[in-house]
Every structure is written in C-alpha cells, then in structure tokens.
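Participant: Dropping in entry.cif, with mmCIF, C-alpha atoms.
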data_model
loop_
_atom_site.group_PDB
_atom_site.id
_atom_site.type_symbol
_atom_site.label_atom_id
_atom_site.label_comp_id
_atom_site.auth_asym_id
_atom_site.auth_seq_id
_atom_site.Cartn_x
_atom_site.Cartn_y
_atom_site.Cartn_z
ATOM 1 C CA MET A 568 196.809 280.000 128.130
ATOM 2 C CA THR A 569 197.344 278.130 131.349
ATOM 3 C CA GLU A 570 200.253 275.788 131.953
ATOM 4 C CA PHE A 571 197.926 272.809 131.618
ATOM 5 C CA GLN A 572 196.699 274.029 128.224
ATOM 6 C CA ILE A 573 200.257 274.582 127.000
ATOM 7 C CA ALA A 574 201.219 271.080 128.153
ATOM 8 C CA LEU A 575 198.139 269.608 126.471
ATOM 9 C CA VAL A 576 198.916 271.342 123.172
ATOM 10 C CA ALA A 577 202.590 270.321 123.392
ATOM 11 C CA LEU A 578 201.663 266.679 124.017
ATOM 12 C CA THR A 579 199.155 266.755 121.185
ATOM 13 C CA VAL A 580 201.701 268.259 118.777
ATOM 14 C CA PHE A 581 204.231 265.592 119.802
ATOM 15 C CA VAL A 582 201.773 262.764 119.142
ATOM 16 C CA ALA A 583 200.652 264.383 115.875
ATOM 17 C CA ALA A 584 204.251 264.806 114.696
ATOM 18 C CA LEU A 585 205.033 261.207 115.598
ATOM 19 C CA THR A 586 202.008 260.042 113.627
ATOM 20 C CA GLN A 587 202.848 262.276 110.655
ATOM 21 C CA GLY A 588 206.449 261.103 110.651
ATOM 22 C CA THR A 589 205.521 257.437 110.612
ATOM 23 C CA THR A 590 202.385 257.370 108.451
ATOM 24 C CA SER A 591 202.863 260.549 106.337
ATOM 25 C CA MET A 592 199.474 261.890 107.403
ATOM 26 C CA GLY A 593 197.624 262.931 110.501
ATOM 27 C CA PHE A 594 199.328 266.029 111.925
ATOM 28 C CA ALA A 595 196.402 268.365 111.324
ATOM 29 C CA LEU A 596 193.827 265.642 111.938
ATOM 30 C CA ILE A 597 195.163 265.038 115.421
ATOM 31 C CA SER A 598 196.325 268.461 116.536
ATOM 32 C CA ALA A 599 193.722 270.808 115.013
ATOM 33 C CA PRO A 600 190.732 269.652 117.096
ATOM 34 C CA VAL A 601 192.648 269.926 120.367
ATOM 35 C CA ILE A 602 194.160 273.296 119.469
ATOM 36 C CA ALA A 603 190.744 274.589 118.366
ATOM 37 C CA PHE A 604 189.270 273.536 121.696
ATOM 38 C CA VAL A 605 192.079 275.109 123.743
ATOM 39 C CA GLU A 606 192.730 278.296 121.731
ATOM 40 C CA PRO A 607 190.800 278.755 118.447
ATOM 41 C CA GLY A 608 192.804 281.876 117.579
ATOM 42 C CA LEU A 609 195.870 279.722 116.891
ATOM 43 C CA LEU A 610 194.274 278.117 113.841
ATOM 44 C CA PRO A 611 195.172 277.872 110.998
ATOM 45 C CA VAL A 612 198.401 279.915 110.979
ATOM 46 C CA TRP A 613 200.028 278.312 114.007
ATOM 47 C CA LEU A 614 199.199 274.846 112.745
ATOM 48 C CA LEU A 615 200.798 275.544 109.356
ATOM 49 C CA ILE A 616 203.901 277.009 110.987
ATOM 50 C CA MET A 617 204.257 273.930 113.199
ATOM 51 C CA MET A 618 204.106 271.656 110.156
ATOM 52 C CA VAL A 619 207.034 273.323 108.337
ATOM 53 C CA PRO A 620 209.918 271.814 110.393
ATOM 54 C CA LEU A 621 208.330 268.376 110.295
ATOM 55 C CA ASN A 622 207.851 268.494 106.529
ATOM 56 C CA ILE A 623 211.425 269.708 106.003
ATOM 57 C CA TYR A 624 212.683 266.801 108.094
ATOM 58 C CA VAL A 625 210.613 264.282 106.123
ATOM 59 C CA VAL A 626 211.842 265.706 102.787
ATOM 60 C CA LEU A 627 215.470 265.468 103.941
ATOM 61 C CA ARG A 628 214.956 261.955 105.294
ATOM 62 C CA GLU A 629 213.206 260.686 102.142
ATOM 63 C CA ARG A 630 215.101 262.732 99.537
ATOM 64 C CA HIS A 631 216.321 259.582 97.787
ATOM 65 C CA ALA A 632 212.713 258.614 96.992
ATOM 66 C CA ILE A 633 211.554 261.980 95.593
ATOM 67 C CA ASP A 634 210.448 261.986 91.968
ATOM 68 C CA TYR A 635 211.761 265.432 91.016
ATOM 69 C CA HIS A 636 210.241 265.393 87.527
ATOM 70 C CA ALA A 637 206.735 264.775 88.862
ATOM 71 C CA THR A 638 207.324 267.292 91.659
ATOM 72 C CA GLN A 639 208.033 270.000 89.075
ATOM 73 C CA TRP A 640 204.742 269.338 87.281
ATOM 74 C CA ILE A 641 202.761 269.186 90.501
ATOM 75 C CA SER A 642 204.336 272.412 91.751
ATOM 76 C CA LEU A 643 203.617 274.165 88.452
ATOM 77 C CA GLY A 644 199.985 273.082 88.628
ATOM 78 C CA ARG A 645 199.658 274.266 92.215
ATOM 79 C CA ILE A 646 201.187 277.654 91.438
ATOM 80 C CA LEU A 647 198.979 278.215 88.389
ATOM 81 C CA GLY A 648 195.927 276.829 90.192
ATOM 82 C CA THR A 649 196.417 279.277 93.043
ATOM 83 C CA PHE A 650 195.643 282.188 90.766
#
When written as structure tokens, how does the structure in this file appear?

Facilitator:
Amino acid sequence: MTEFQIALVALTVFVAALTQGTTSMGFALISAPVIAFVEPGLLPVWLLIMMVPLNIYVVLRERHAIDYHATQWISLGRILGTF
C-alpha cells in the first residue's frame, strides 16, 4: 500500500470510529467500502479486528446501562445459533 492509501484508510477508520462512537452504528458501513477499494484482502478480518477496541471502549463507557440479564440470554442464543 502506498502512503496515500494508508492515510486514506486511517482517515476513514477515524471517521467510522467517530460515527460508531456517537451513533452506535456505522463503522463497517463507512470503512468497508473504502478498505475494499484500496485493499480487498484486508476484509473482513482486519475490519473485525479494528472494531474490537472501539467496542470495548463503548462497553466500558456505557457499562451502567447494560442489561446483564438480557445479555446472558442473547449470548446464549448466539452461541447455540452458531452451531
């Protein structure tokens, strides 16, 4: 990747993270098309890895509003539904 492409991806990830942090959606919607255009081999693994720190931050910031009982049921359903 060239320096311009790295800068473009970095700017896109910054804007996507800002949007995700404020509206709780949009990281993949904003960053995936640009990343796919610049370097398709980075998708989807790189995109998922980039979302982990942001999601951890949001969970820590909003931990007072988490419904842990519902989260347990949702997590159980996701785990069983995976198989």

Participant: Have a look at atom CA of Ser591 of chain A and atom CA of Leu614 of chain A and let me know their distance in Å, one decimal.

Facilitator: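 A separation of 16.1 Å between them.
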
Participant: From the set A:Gln639, A:Ser598, A:Thr589, A:Asn622, which residue has the shortest atom-to-atom contact distance to Leu575 of chain A, counting only C-alpha atoms?

Facilitator: A:Ser598

Participant: Using the chain letters and numbers from this file, what does the PyMOL selection byres ((chain A and resi 625) around 12) select? Give the answer as a ChimeraX atom specification.

Facilitator: /A:584-585,587-592,618-624,626-633

Participant: Mind pulling up the distance from atom CA of Met617 of chain A to atom CA of Ile641 of chain A?

Facilitator: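 Separating atom CA of Ile641 of chain A from atom CA of Met617 of chain A is a distance of 23.2 Å.
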
Participant: Here is a test: counting only C-alpha atoms, which residue of A:Thr586, A:Thr649, A:Thr579, A:Thr569 is nearest to Pro600 of chain A?

Facilitator: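 Of all the options, A:Thr579 lies closest to Pro600 of chain A.
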
Participant: Which residue, A:Ala595, A:Ala637, A:Ile646, A:Ala583, has the smallest gap to Val612 of chain A when you use all atoms listed in the file?

Facilitator: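 That would be A:Ala595, the residue with the smallest distance to Val612 of chain A.
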
Participant: To one decimal in Å, tell me the separation between atom CA of Val582 of chain A and atom CA of Ala599 of chain A.

Facilitator: 12.1 Å

Participant: Residues near Ile602 of chain A, anyone? I mean within 10 Å using all atoms listed in the file, not counting same-chain ones fewer than 3 positions away, as an MDAnalysis selection string.

Facilitator: chainID A and resid 572:573 575:577 579:580 595 597:599 605:611 613:614
